Amino acid sequence: MSATAAIALLAALQAVVTGVSPDGAYLNRGSLDGVRVGDAVTVAGQTLTIAEVGPHRARTSPIADALALAHSLRAGTHAEIGASGVAPAPAAAAPATPRPVAPQVDPAQAPVLWAAAEDGWQAPRPFAGAATTATAAAPASLWRIRGDLSLTTFHSAALDGSRATSVGTLGSRLAVEREALRYEHDVRFNGGLPFEVVRDTHPLVEARQLELGYSTSGFGARGGRLRTDDRLSSGPVDGAALRLSAPGERLDYGGELYGGLVPAPDTLAPDTARRTAGLGGRLGLRRGGWAFETTAGANAIAGDGGLERVVVGPSLDLHDDTWAFSVFTDVDLQPTLVFSQVHASAFWTWSAHGDVGLRYGRFEAPLFGHAAAGAAHDVWIDARFDLGAPGTLWPRLGLLVDPEGESLVPGLDYRVALTRALDARLGYDYTRGPQQESHQGRGTLTWRIDGGVLAELDAGARGTLVYPAAGPAEDLEKTAELGAWLALPGDLDLHLHAEGTLAWQDRLVALADLRWRFGP
């Protein structure tokens with residue numbers, strides 16, 4: 001048996017999505033669970049890869065069509081993590097032995113969890129062994145340097161020629177470490193046409209991170225433009241942060257305090273008019289096959305006119321190899337509004353052939369001092385049935401309740417391997433709401449090439465038909481898309497994507513991303 005085949009037979013690691021953003025889905029598993037950059041992830045009927053890993057969390061590669069998957073990909077969605085570049089093995093081939101857990105590592109030495117990327121196209125190669133072309137172990141060195149250089153172009157145009165926008169971005173991410181000292185930056189240079197439109201949405205220079213720090217297993221200090229891991233913060237901070245922690249094999253805990261100035265939200269330019277401070281703490285407990293983690297934090301922003309907002313929010317996560325439960329809540333206090341949200345999820349893997357998940361969410365935004373006009377609730381139940389050679393089914397059912405009424409959303413996704421290199425995915429969703437009902441169907445073919453150049457080619461289509469509450473059906477929205485992902489010699493990645501939509505406004509979107517990665 002080849003090494004690749006042996007890796008594919010490892011049982012999948014179960015995980016839960018804790019959040020979704022344009023740059024991918026965030027999972028509640030990390031390097032201490034054995035997750036590595038390049039591992040394959042199956043979630044919401046799609047196969048993604050692990051893009052970045054921290055000690056207790058990980059981020060997947062971007063989702064090709066996050067809007068179309070919004071009904072099934074959200075906090076609480078169940079996910080499976082396979083070995084590097086290999087999707088989780090079929091149930092019939094998976095042995096009963098659980099996926100091995102990596103030995104305990106110093107969190108200070110864990111791979112960097114990069115900040116979220118707004119452009120949504122930051123991801124590593126989705127192929128086994130493609131993280132670097134080096135085949136021999138590098139000699140030990142006091143210096144550790146890694147990062148990437150990228151050139152990204154994005155073009156969006158109405159097919160009638162009424163409007164077109166083109167944006168180009170040159171990006172640089174770098175992390176340099178020497179023993180306990182660390183320097184990191186994430187800087188981008190933007191340009192495009194028409195200039196007056198692109199200038200308002202893409203500043204010429206974006207410094208998302210520019211920090212110097214000192215970090216050991218129990219203490220850390222950073223200064224500069226900081227990337228904050230605090231989910232309650234509003235973005236980067238120009239200031240300083242202090243961290244205290246006590247990592248252990250079974251019990252680890254710690255906290256971080258940060259403060260400084262809030263950059264301008266549209267340009268990320270330094271701004272002395274708004275100040276922020278935040279405090280977060282974490283407690284984790286591991287014993288045998290299960291793990292418990294709880295966090296709590298608070299973040300405040302003040303301007304020249306006084307306190308603008310205070311955000312507080314605890315979270316809890318409990319899981320083992322076959323089940324998981326998580327809940328988090330945020331309360332955003334502003335002078336005239338109070339936003340609050342609660343998300344809870346649970347899933348259970350009953351066998352290697354399937355699992356079931358349940359998710360609940362609640363969002364409320366009443367005026368300060370007044371009763372809410374009504375909160376929005378959503379409940380989802382979904383399952384996975386691995387049928388072996390016939391393929392895999394993902395049925396689901398959602399119930400959405402808001403002040404306007406109730407919506408029922410059943411759906412089904414199906415994936416089958418037509419050949420060793422060719423996969424097919426089909427999906428259907430029906431939505432019946434107080435104002436309208438809709439049908440959406442979609443299909444995708446994925447062809448993987450493992451020859452002189454590693455490549456993954458995608459071709460897909462979807463259609464949506466909407467029926468208003470009264471009257472005939474509206475025009476059918478039709479979308480066709482093509483994508484290619486190539487791993488080129490010299491640690492170069494090339495990602496191409498194009499899609500055209502025929503609807504009330506016909507449009508074309510195209511993207512090209514060329515990226516050079518270096519370092520371990």
# chains A, B, ... in the order shown; residues from 1 in each chain; ligands from 1
call {"tool": "closest_atom_pairs", "arguments": {"of": "range 445-471 of chain A", "to": "range 480-487 of chain A", "cutoff": "7 Å", "atoms": "only C-alpha atoms", "output": "tab-separated table"}}
result
residue	atom	partner	partner_atom	distance
A:Val453	CA	A:Ala487	CA	6.3
A:Leu454	CA	A:Ala487	CA	5.2
A:Ala455	CA	A:Leu486	CA	4.3
A:Glu456	CA	A:Trp485	CA	5.1
A:Leu457	CA	A:Ala484	CA	4.5
A:Asp458	CA	A:Gly483	CA	4.9
A:Ala459	CA	A:Leu482	CA	4.6
A:Gly460	CA	A:Glu481	CA	5.2
A:Ala461	CA	A:Ala480	CA	4.3
A:Arg462	CA	A:Ala480	CA	6.7
call {"tool": "residues_around", "arguments": {"residues": "Val356 in chain A", "least_positions_apart": "2", "cutoff": "9 Å", "atoms": "only C-alpha atoms", "output": "NGL selection string"}}
result
:A and (78 or 346-350 or 354 or 358 or 381-384)
call {"tool": "atom_distance", "arguments": {"atom1": "CA of Arg146 in chain A", "atom2": "CA of Arg515 in chain A"}}
result
13.3 Å
call {"tool": "residues_around", "arguments": {"residues": "range 333-336 of chain A", "least_positions_apart": "6", "cutoff": "12 Å", "atoms": "only C-alpha atoms", "output": "PyMOL selection string"}}
result
chain A and resi 298-302+305-313+364-370
call {"tool": "residues_around", "arguments": {"residues": "His202 in chain A", "least_positions_apart": "5", "cutoff": "10 Å", "atoms": "only C-alpha atoms", "output": "compact mmCIF listing (two decimals) with N, CA, C and O atoms, in the first residue's frame"}}
result
# COMPACT_ATOMS: atom_id res chain seq x y z
N VAL A 167 -9.76 45.54 -10.15
CA VAL A 167 -8.92 45.81 -8.99
C VAL A 167 -7.72 44.87 -9.02
O VAL A 167 -7.86 43.68 -9.29
N GLY A 168 -6.53 45.42 -8.78
CA GLY A 168 -5.32 44.63 -8.66
C GLY A 168 -4.68 44.83 -7.30
O GLY A 168 -4.65 45.96 -6.79
N THR A 169 -4.20 43.75 -6.69
CA THR A 169 -3.62 43.82 -5.35
C THR A 169 -2.30 43.07 -5.31
O THR A 169 -2.23 41.91 -5.74
N ARG A 188 -0.69 45.23 1.90
CA ARG A 188 -1.20 45.10 0.54
C ARG A 188 -1.21 46.46 -0.14
O ARG A 188 -1.44 47.49 0.49
N PHE A 189 -0.95 46.42 -1.46
CA PHE A 189 -0.97 47.62 -2.29
C PHE A 189 -2.03 47.42 -3.38
O PHE A 189 -2.00 46.43 -4.10
N ASN A 190 -2.97 48.38 -3.46
CA ASN A 190 -4.12 48.23 -4.33
C ASN A 190 -4.13 49.28 -5.43
O ASN A 190 -3.62 50.39 -5.27
N GLY A 191 -4.75 48.94 -6.53
CA GLY A 191 -4.98 49.87 -7.62
C GLY A 191 -6.08 49.32 -8.50
O GLY A 191 -6.44 48.14 -8.41
N GLY A 192 -6.65 50.17 -9.35
CA GLY A 192 -7.70 49.68 -10.22
C GLY A 192 -8.40 50.78 -10.97
O GLY A 192 -8.07 51.97 -10.85
N PHE A 195 -10.68 54.71 -11.13
CA PHE A 195 -9.88 55.05 -9.97
C PHE A 195 -10.73 55.59 -8.83
O PHE A 195 -10.54 55.24 -7.67
N VAL A 197 -13.77 55.02 -8.00
CA VAL A 197 -14.57 53.98 -7.35
C VAL A 197 -13.69 53.06 -6.52
O VAL A 197 -13.98 52.75 -5.36
N ASP A 266 -12.35 52.40 6.83
CA ASP A 266 -12.36 52.31 5.38
C ASP A 266 -10.97 52.27 4.77
O ASP A 266 -10.73 51.60 3.76
N THR A 267 -10.00 52.95 5.36
CA THR A 267 -8.65 53.02 4.79
C THR A 267 -7.59 52.34 5.64
O THR A 267 -6.46 52.15 5.19
call {"tool": "residues_around", "arguments": {"residues": "Gly303 in chain A", "least_positions_apart": "6", "cutoff": "9 Å", "atoms": "only C-alpha atoms", "output": "JSON list (two decimals) with all heavy atoms, in the first residue's frame"}}
result
[["chain", "number", "residue", "atom", "x", "y", "z"],
["A", 272, "THR", "N", -6.35, 58.81, 15.60],
["A", 272, "THR", "CA", -6.23, 59.07, 17.04],
["A", 272, "THR", "C", -7.58, 59.41, 17.67],
["A", 272, "THR", "O", -7.64, 59.63, 18.88],
["A", 272, "THR", "CB", -5.26, 60.25, 17.27],
["A", 272, "THR", "OG1", -5.76, 61.42, 16.60],
["A", 272, "THR", "CG2", -3.88, 59.92, 16.75],
["A", 273, "ALA", "N", -8.66, 59.43, 16.88],
["A", 273, "ALA", "CA", -9.96, 59.85, 17.42],
["A", 273, "ALA", "C", -10.69, 58.73, 18.14],
["A", 273, "ALA", "O", -11.59, 58.99, 18.93],
["A", 273, "ALA", "CB", -10.84, 60.40, 16.29],
["A", 274, "ARG", "N", -10.31, 57.45, 17.88],
["A", 274, "ARG", "CA", -11.03, 56.33, 18.51],
["A", 274, "ARG", "C", -10.03, 55.44, 19.21],
["A", 274, "ARG", "O", -8.98, 55.08, 18.68],
["A", 274, "ARG", "CB", -11.81, 55.54, 17.46],
["A", 274, "ARG", "CG", -12.80, 56.40, 16.69],
["A", 274, "ARG", "CD", -13.46, 55.60, 15.58],
["A", 274, "ARG", "NE", -14.43, 54.66, 16.11],
["A", 274, "ARG", "CZ", -14.58, 53.41, 15.66],
["A", 274, "ARG", "NH1", -13.77, 52.95, 14.72],
["A", 274, "ARG", "NH2", -15.51, 52.63, 16.16],
["A", 275, "ARG", "N", -10.38, 55.07, 20.43],
["A", 275, "ARG", "CA", -9.52, 54.25, 21.28],
["A", 275, "ARG", "C", -10.26, 52.97, 21.68],
["A", 275, "ARG", "O", -11.49, 52.95, 21.77],
["A", 275, "ARG", "CB", -9.11, 55.03, 22.52],
["A", 275, "ARG", "CG", -8.32, 56.31, 22.19],
["A", 275, "ARG", "CD", -8.24, 57.26, 23.35],
["A", 275, "ARG", "NE", -9.53, 57.83, 23.72],
["A", 275, "ARG", "CZ", -10.11, 58.85, 23.09],
["A", 275, "ARG", "NH1", -9.51, 59.40, 22.03],
["A", 275, "ARG", "NH2", -11.27, 59.32, 23.48],
["A", 276, "THR", "N", -9.49, 51.91, 21.93],
["A", 276, "THR", "CA", -10.10, 50.63, 22.28],
["A", 276, "THR", "C", -9.26, 49.92, 23.32],
["A", 276, "THR", "O", -8.05, 50.15, 23.44],
["A", 276, "THR", "CB", -10.25, 49.73, 21.03],
["A", 276, "THR", "OG1", -10.96, 48.54, 21.39],
["A", 276, "THR", "CG2", -8.90, 49.34, 20.47]]
call {"tool": "closest_residue", "arguments": {"among": "A:Leu212, A:Leu204, A:Leu279, A:Ala503", "to": "Glu184 in chain A", "atoms": "only C-alpha atoms"}}
result
A:Leu212
call {"tool": "residues_around", "arguments": {"residues": "Asp321 in chain A", "least_positions_apart": "4", "cutoff": "8 Å", "atoms": "only C-alpha atoms", "output": "PDB file with N, CA and C atoms, in the first residue's frame"}}
result
ATOM      1  N   LEU A  13     -11.192  13.178  11.507  1.00  0.00           N
ATOM      2  CA  LEU A  13     -11.315  13.898  12.764  1.00  0.00           C
ATOM      3  C   LEU A  13     -12.570  14.757  12.704  1.00  0.00           C
ATOM      4  N   GLN A  14     -13.440  14.636  13.714  1.00  0.00           N
ATOM      5  CA  GLN A  14     -14.684  15.391  13.735  1.00  0.00           C
ATOM      6  C   GLN A  14     -14.426  16.808  14.261  1.00  0.00           C
ATOM      7  N   PRO A  98      -9.104   5.543  16.164  1.00  0.00           N
ATOM      8  CA  PRO A  98      -9.273   6.996  15.972  1.00  0.00           C
ATOM      9  C   PRO A  98      -8.040   7.608  15.331  1.00  0.00           C
ATOM     10  N   GLY A 289     -10.237  11.097  25.732  1.00  0.00           N
ATOM     11  CA  GLY A 289     -10.636  11.485  24.397  1.00  0.00           C
ATOM     12  C   GLY A 289     -11.479  12.730  24.324  1.00  0.00           C
ATOM     13  N   TRP A 290     -11.764  13.378  25.466  1.00  0.00           N
ATOM     14  CA  TRP A 290     -12.627  14.550  25.398  1.00  0.00           C
ATOM     15  C   TRP A 290     -11.878  15.804  25.829  1.00  0.00           C
TER      16      TRP A 290
END
call {"tool": "select_by_dssp", "arguments": {"residues": "range 208-448 of chain A", "states": "strand (DSSP E)", "output": "mmCIF file with C-alpha atoms, in the first residue's frame"}}
result
data_model
loop_
_atom_site.group_PDB
_atom_site.id
_atom_site.type_symbol
_atom_site.label_atom_id
_atom_site.label_comp_id
_atom_site.auth_asym_id
_atom_site.auth_seq_id
_atom_site.Cartn_x
_atom_site.Cartn_y
_atom_site.Cartn_z
ATOM 1 C CA ARG A 208 -3.428 44.973 8.226
ATOM 2 C CA GLN A 209 -0.653 43.797 10.532
ATOM 3 C CA LEU A 210 2.759 45.223 11.410
ATOM 4 C CA GLU A 211 3.925 44.005 14.802
ATOM 5 C CA LEU A 212 6.979 43.027 16.807
ATOM 6 C CA GLY A 213 6.625 40.641 19.716
ATOM 7 C CA TYR A 214 8.277 38.506 22.358
ATOM 8 C CA SER A 215 6.644 35.166 23.133
ATOM 9 C CA PHE A 219 4.350 35.140 28.570
ATOM 10 C CA GLY A 220 3.950 37.253 25.482
ATOM 11 C CA ALA A 221 4.137 40.935 24.564
ATOM 12 C CA ARG A 222 3.383 42.572 21.206
ATOM 13 C CA GLY A 223 3.415 46.100 19.868
ATOM 14 C CA GLY A 224 2.588 47.879 16.606
ATOM 15 C CA ARG A 225 -0.434 47.296 14.398
ATOM 16 C CA LEU A 226 -1.771 44.172 16.069
ATOM 17 C CA VAL A 237 -5.416 47.743 16.803
ATOM 18 C CA ASP A 238 -2.535 50.243 16.861
ATOM 19 C CA GLY A 239 -1.222 49.560 20.336
ATOM 20 C CA ALA A 240 0.185 46.864 22.586
ATOM 21 C CA ALA A 241 -0.883 43.520 24.058
ATOM 22 C CA LEU A 242 0.258 41.392 26.997
ATOM 23 C CA ARG A 243 -0.404 37.661 27.341
ATOM 24 C CA LEU A 244 -0.077 35.317 30.314
ATOM 25 C CA SER A 245 -0.678 31.581 29.927
ATOM 26 C CA ALA A 246 -0.031 28.250 31.588
ATOM 27 C CA LEU A 251 -5.048 21.784 31.872
ATOM 28 C CA ASP A 252 -4.121 25.044 30.213
ATOM 29 C CA TYR A 253 -5.359 28.559 30.813
ATOM 30 C CA GLY A 254 -4.402 32.100 30.025
ATOM 31 C CA GLY A 255 -5.512 35.570 29.105
ATOM 32 C CA GLU A 256 -4.571 38.606 27.030
ATOM 33 C CA LEU A 257 -5.012 42.326 27.605
ATOM 34 C CA TYR A 258 -4.681 44.761 24.697
ATOM 35 C CA GLY A 259 -5.310 48.422 24.075
ATOM 36 C CA GLY A 260 -4.601 51.217 21.639
ATOM 37 C CA LEU A 261 -6.113 53.159 18.762
ATOM 38 C CA ARG A 275 -9.518 54.246 21.277
ATOM 39 C CA THR A 276 -10.098 50.632 22.276
ATOM 40 C CA ALA A 277 -9.247 48.178 25.047
ATOM 41 C CA GLY A 278 -9.989 44.496 25.377
ATOM 42 C CA LEU A 279 -9.524 41.606 27.770
ATOM 43 C CA GLY A 280 -9.939 37.917 27.045
ATOM 44 C CA GLY A 281 -9.423 34.722 29.010
ATOM 45 C CA ARG A 282 -9.402 31.033 28.216
ATOM 46 C CA LEU A 283 -9.571 27.791 30.211
ATOM 47 C CA GLY A 284 -9.045 24.393 28.602
ATOM 48 C CA LEU A 285 -9.218 20.904 30.052
ATOM 49 C CA ARG A 286 -8.348 17.649 28.272
ATOM 50 C CA ARG A 287 -8.741 14.165 29.622
ATOM 51 C CA TRP A 290 -12.627 14.550 25.398
ATOM 52 C CA ALA A 291 -11.811 18.222 25.747
ATOM 53 C CA PHE A 292 -13.469 21.218 27.391
ATOM 54 C CA GLU A 293 -12.807 24.860 26.609
ATOM 55 C CA THR A 294 -14.428 28.054 27.795
ATOM 56 C CA THR A 295 -13.584 31.649 26.938
ATOM 57 C CA ALA A 296 -14.822 35.059 28.022
ATOM 58 C CA GLY A 297 -13.933 38.520 26.864
ATOM 59 C CA ALA A 298 -14.878 42.173 26.671
ATOM 60 C CA ASN A 299 -14.012 44.946 24.237
ATOM 61 C CA ALA A 300 -14.727 48.677 24.467
ATOM 62 C CA ILE A 301 -14.356 51.498 21.922
ATOM 63 C CA ALA A 302 -14.456 55.193 22.823
ATOM 64 C CA GLY A 303 -14.242 58.325 20.693
ATOM 65 C CA GLY A 306 -17.393 59.361 24.821
ATOM 66 C CA LEU A 307 -18.010 55.617 24.954
ATOM 67 C CA GLU A 308 -19.274 54.266 21.604
ATOM 68 C CA ARG A 309 -19.761 50.571 22.311
ATOM 69 C CA VAL A 310 -18.987 47.750 24.714
ATOM 70 C CA VAL A 311 -19.051 44.132 23.560
ATOM 71 C CA VAL A 312 -19.002 41.200 25.984
ATOM 72 C CA GLY A 313 -19.303 37.512 25.209
ATOM 73 C CA PRO A 314 -18.550 34.110 26.737
ATOM 74 C CA SER A 315 -18.260 30.817 24.863
ATOM 75 C CA LEU A 316 -18.117 27.123 25.723
ATOM 76 C CA ASP A 317 -16.970 24.098 23.750
ATOM 77 C CA LEU A 318 -17.100 20.446 24.813
ATOM 78 C CA HIS A 319 -16.244 17.534 22.524
ATOM 79 C CA TRP A 323 -19.803 14.184 19.715
ATOM 80 C CA ALA A 324 -19.475 17.911 20.350
ATOM 81 C CA PHE A 325 -21.423 20.769 21.889
ATOM 82 C CA SER A 326 -20.655 24.471 21.657
ATOM 83 C CA VAL A 327 -22.392 27.723 22.524
ATOM 84 C CA PHE A 328 -21.375 31.353 22.352
ATOM 85 C CA THR A 329 -23.167 34.630 22.939
ATOM 86 C CA ASP A 330 -22.336 38.281 22.251
ATOM 87 C CA VAL A 331 -23.924 41.421 23.658
ATOM 88 C CA ASP A 332 -23.077 44.695 21.880
ATOM 89 C CA LEU A 333 -24.026 47.737 23.948
ATOM 90 C CA VAL A 338 -28.321 46.788 22.074
ATOM 91 C CA PHE A 339 -27.411 43.903 19.773
ATOM 92 C CA SER A 340 -27.387 40.392 21.170
ATOM 93 C CA GLN A 341 -26.892 36.990 19.592
ATOM 94 C CA VAL A 342 -26.718 33.409 20.808
ATOM 95 C CA HIS A 343 -25.517 30.406 18.809
ATOM 96 C CA ALA A 344 -25.581 26.816 20.043
ATOM 97 C CA SER A 345 -24.778 23.610 18.204
ATOM 98 C CA ALA A 346 -24.423 19.912 18.856
ATOM 99 C CA PHE A 347 -23.519 16.959 16.684
ATOM 100 C CA TRP A 348 -23.115 13.245 17.122
ATOM 101 C CA THR A 349 -21.324 10.734 14.910
ATOM 102 C CA TRP A 350 -23.252 7.496 15.370
ATOM 103 C CA SER A 351 -20.931 5.454 13.157
ATOM 104 C CA GLY A 354 -22.986 9.061 9.239
ATOM 105 C CA ASP A 355 -23.732 11.732 11.780
ATOM 106 C CA VAL A 356 -26.379 14.264 12.739
ATOM 107 C CA GLY A 357 -26.144 17.914 13.792
ATOM 108 C CA LEU A 358 -28.484 20.428 15.430
ATOM 109 C CA ARG A 359 -27.975 24.213 15.431
ATOM 110 C CA TYR A 360 -29.841 27.117 16.967
ATOM 111 C CA GLY A 361 -29.307 30.855 16.583
ATOM 112 C CA ARG A 362 -30.994 33.945 17.958
ATOM 113 C CA PHE A 363 -30.422 37.610 17.070
ATOM 114 C CA GLU A 364 -32.055 40.660 18.628
ATOM 115 C CA ALA A 376 -34.970 36.400 14.821
ATOM 116 C CA HIS A 377 -34.487 32.678 15.432
ATOM 117 C CA ASP A 378 -33.180 29.886 13.232
ATOM 118 C CA VAL A 379 -33.077 26.138 13.874
ATOM 119 C CA TRP A 380 -31.299 23.672 11.594
ATOM 120 C CA ILE A 381 -30.996 19.908 11.652
ATOM 121 C CA ASP A 382 -28.766 18.135 9.159
ATOM 122 C CA ALA A 383 -27.300 14.681 8.700
ATOM 123 C CA ARG A 384 -24.728 12.822 6.640
ATOM 124 C CA PHE A 385 -25.225 9.335 5.199
ATOM 125 C CA ASP A 386 -22.163 7.743 3.607
ATOM 126 C CA THR A 392 -22.819 10.564 0.176
ATOM 127 C CA LEU A 393 -26.099 12.320 1.063
ATOM 128 C CA TRP A 394 -26.528 15.475 3.194
ATOM 129 C CA PRO A 395 -30.244 16.086 3.961
ATOM 130 C CA ARG A 396 -31.182 19.124 6.055
ATOM 131 C CA LEU A 397 -34.155 21.077 7.320
ATOM 132 C CA GLY A 398 -34.226 24.666 8.581
ATOM 133 C CA LEU A 399 -36.854 26.802 10.304
ATOM 134 C CA LEU A 400 -36.382 30.592 10.334
ATOM 135 C CA VAL A 401 -38.611 32.799 12.489
ATOM 136 C CA ASP A 402 -38.550 36.610 12.504
ATOM 137 C CA GLY A 405 -43.174 35.372 9.749
ATOM 138 C CA GLU A 406 -41.740 31.877 9.404
ATOM 139 C CA SER A 407 -39.706 30.279 6.635
ATOM 140 C CA LEU A 408 -39.199 26.557 6.052
ATOM 141 C CA VAL A 409 -36.015 25.503 4.212
ATOM 142 C CA PRO A 410 -35.520 21.810 3.331
ATOM 143 C CA GLY A 411 -32.567 20.793 1.187
ATOM 144 C CA LEU A 412 -30.398 17.940 -0.027
ATOM 145 C CA ASP A 413 -26.818 17.629 -1.303
ATOM 146 C CA TYR A 414 -25.282 14.598 -2.978
ATOM 147 C CA ARG A 415 -21.689 13.824 -3.925
ATOM 148 C CA VAL A 416 -20.338 10.819 -5.799
ATOM 149 C CA ALA A 417 -16.915 9.820 -7.141
ATOM 150 C CA LEU A 422 -13.632 12.957 -11.196
ATOM 151 C CA ASP A 423 -16.279 13.954 -8.617
ATOM 152 C CA ALA A 424 -19.846 15.169 -9.131
ATOM 153 C CA ARG A 425 -21.888 17.244 -6.664
ATOM 154 C CA LEU A 426 -25.609 17.978 -6.909
ATOM 155 C CA GLY A 427 -27.769 20.076 -4.593
ATOM 156 C CA TYR A 428 -31.333 21.321 -4.217
ATOM 157 C CA ASP A 429 -32.993 23.746 -1.787
ATOM 158 C CA TYR A 430 -36.574 24.839 -1.380
ATOM 159 C CA THR A 431 -37.571 27.890 0.664
ATOM 160 C CA ARG A 432 -41.147 28.753 1.646
ATOM 161 C CA GLN A 436 -42.199 34.231 -1.450
ATOM 162 C CA GLU A 437 -41.004 30.725 -2.172
ATOM 163 C CA SER A 438 -38.001 29.664 -4.204
ATOM 164 C CA HIS A 439 -36.276 26.660 -5.718
ATOM 165 C CA GLN A 440 -32.530 26.382 -6.274
ATOM 166 C CA GLY A 441 -30.668 23.586 -8.034
ATOM 167 C CA ARG A 442 -26.911 23.338 -8.560
ATOM 168 C CA GLY A 443 -24.320 20.941 -9.879
ATOM 169 C CA THR A 444 -20.518 20.820 -10.040
ATOM 170 C CA LEU A 445 -17.939 18.545 -11.661
ATOM 171 C CA THR A 446 -14.404 18.461 -10.198
ATOM 172 C CA TRP A 447 -11.467 16.908 -12.061
ATOM 173 C CA ARG A 448 -8.152 16.384 -10.257
#
call {"tool": "closest_residue", "arguments": {"among": "A:Leu268, A:Leu193, A:Leu159, A:Val262", "to": "Ala207 in chain A", "atoms": "only C-alpha atoms"}}
result
A:Leu268
call {"tool": "select_by_dssp", "arguments": {"residues": "range 139-362 of chain A", "states": "helix (DSSP H, G or I)", "output": "list of chain:residue names"}}
result
A:Phe195, A:Glu196, A:Val197, A:Val198, A:Arg199, A:Asp200, A:Thr201
call {"tool": "atom_distance", "arguments": {"atom1": "CA of Ala510 in chain A", "atom2": "CA of Val43 in chain A"}}
result
24.9 Å
call {"tool": "atom_distance", "arguments": {"atom1": "CA of Leu502 in chain A", "atom2": "CA of Ser166 in chain A"}}
result
20.2 Å
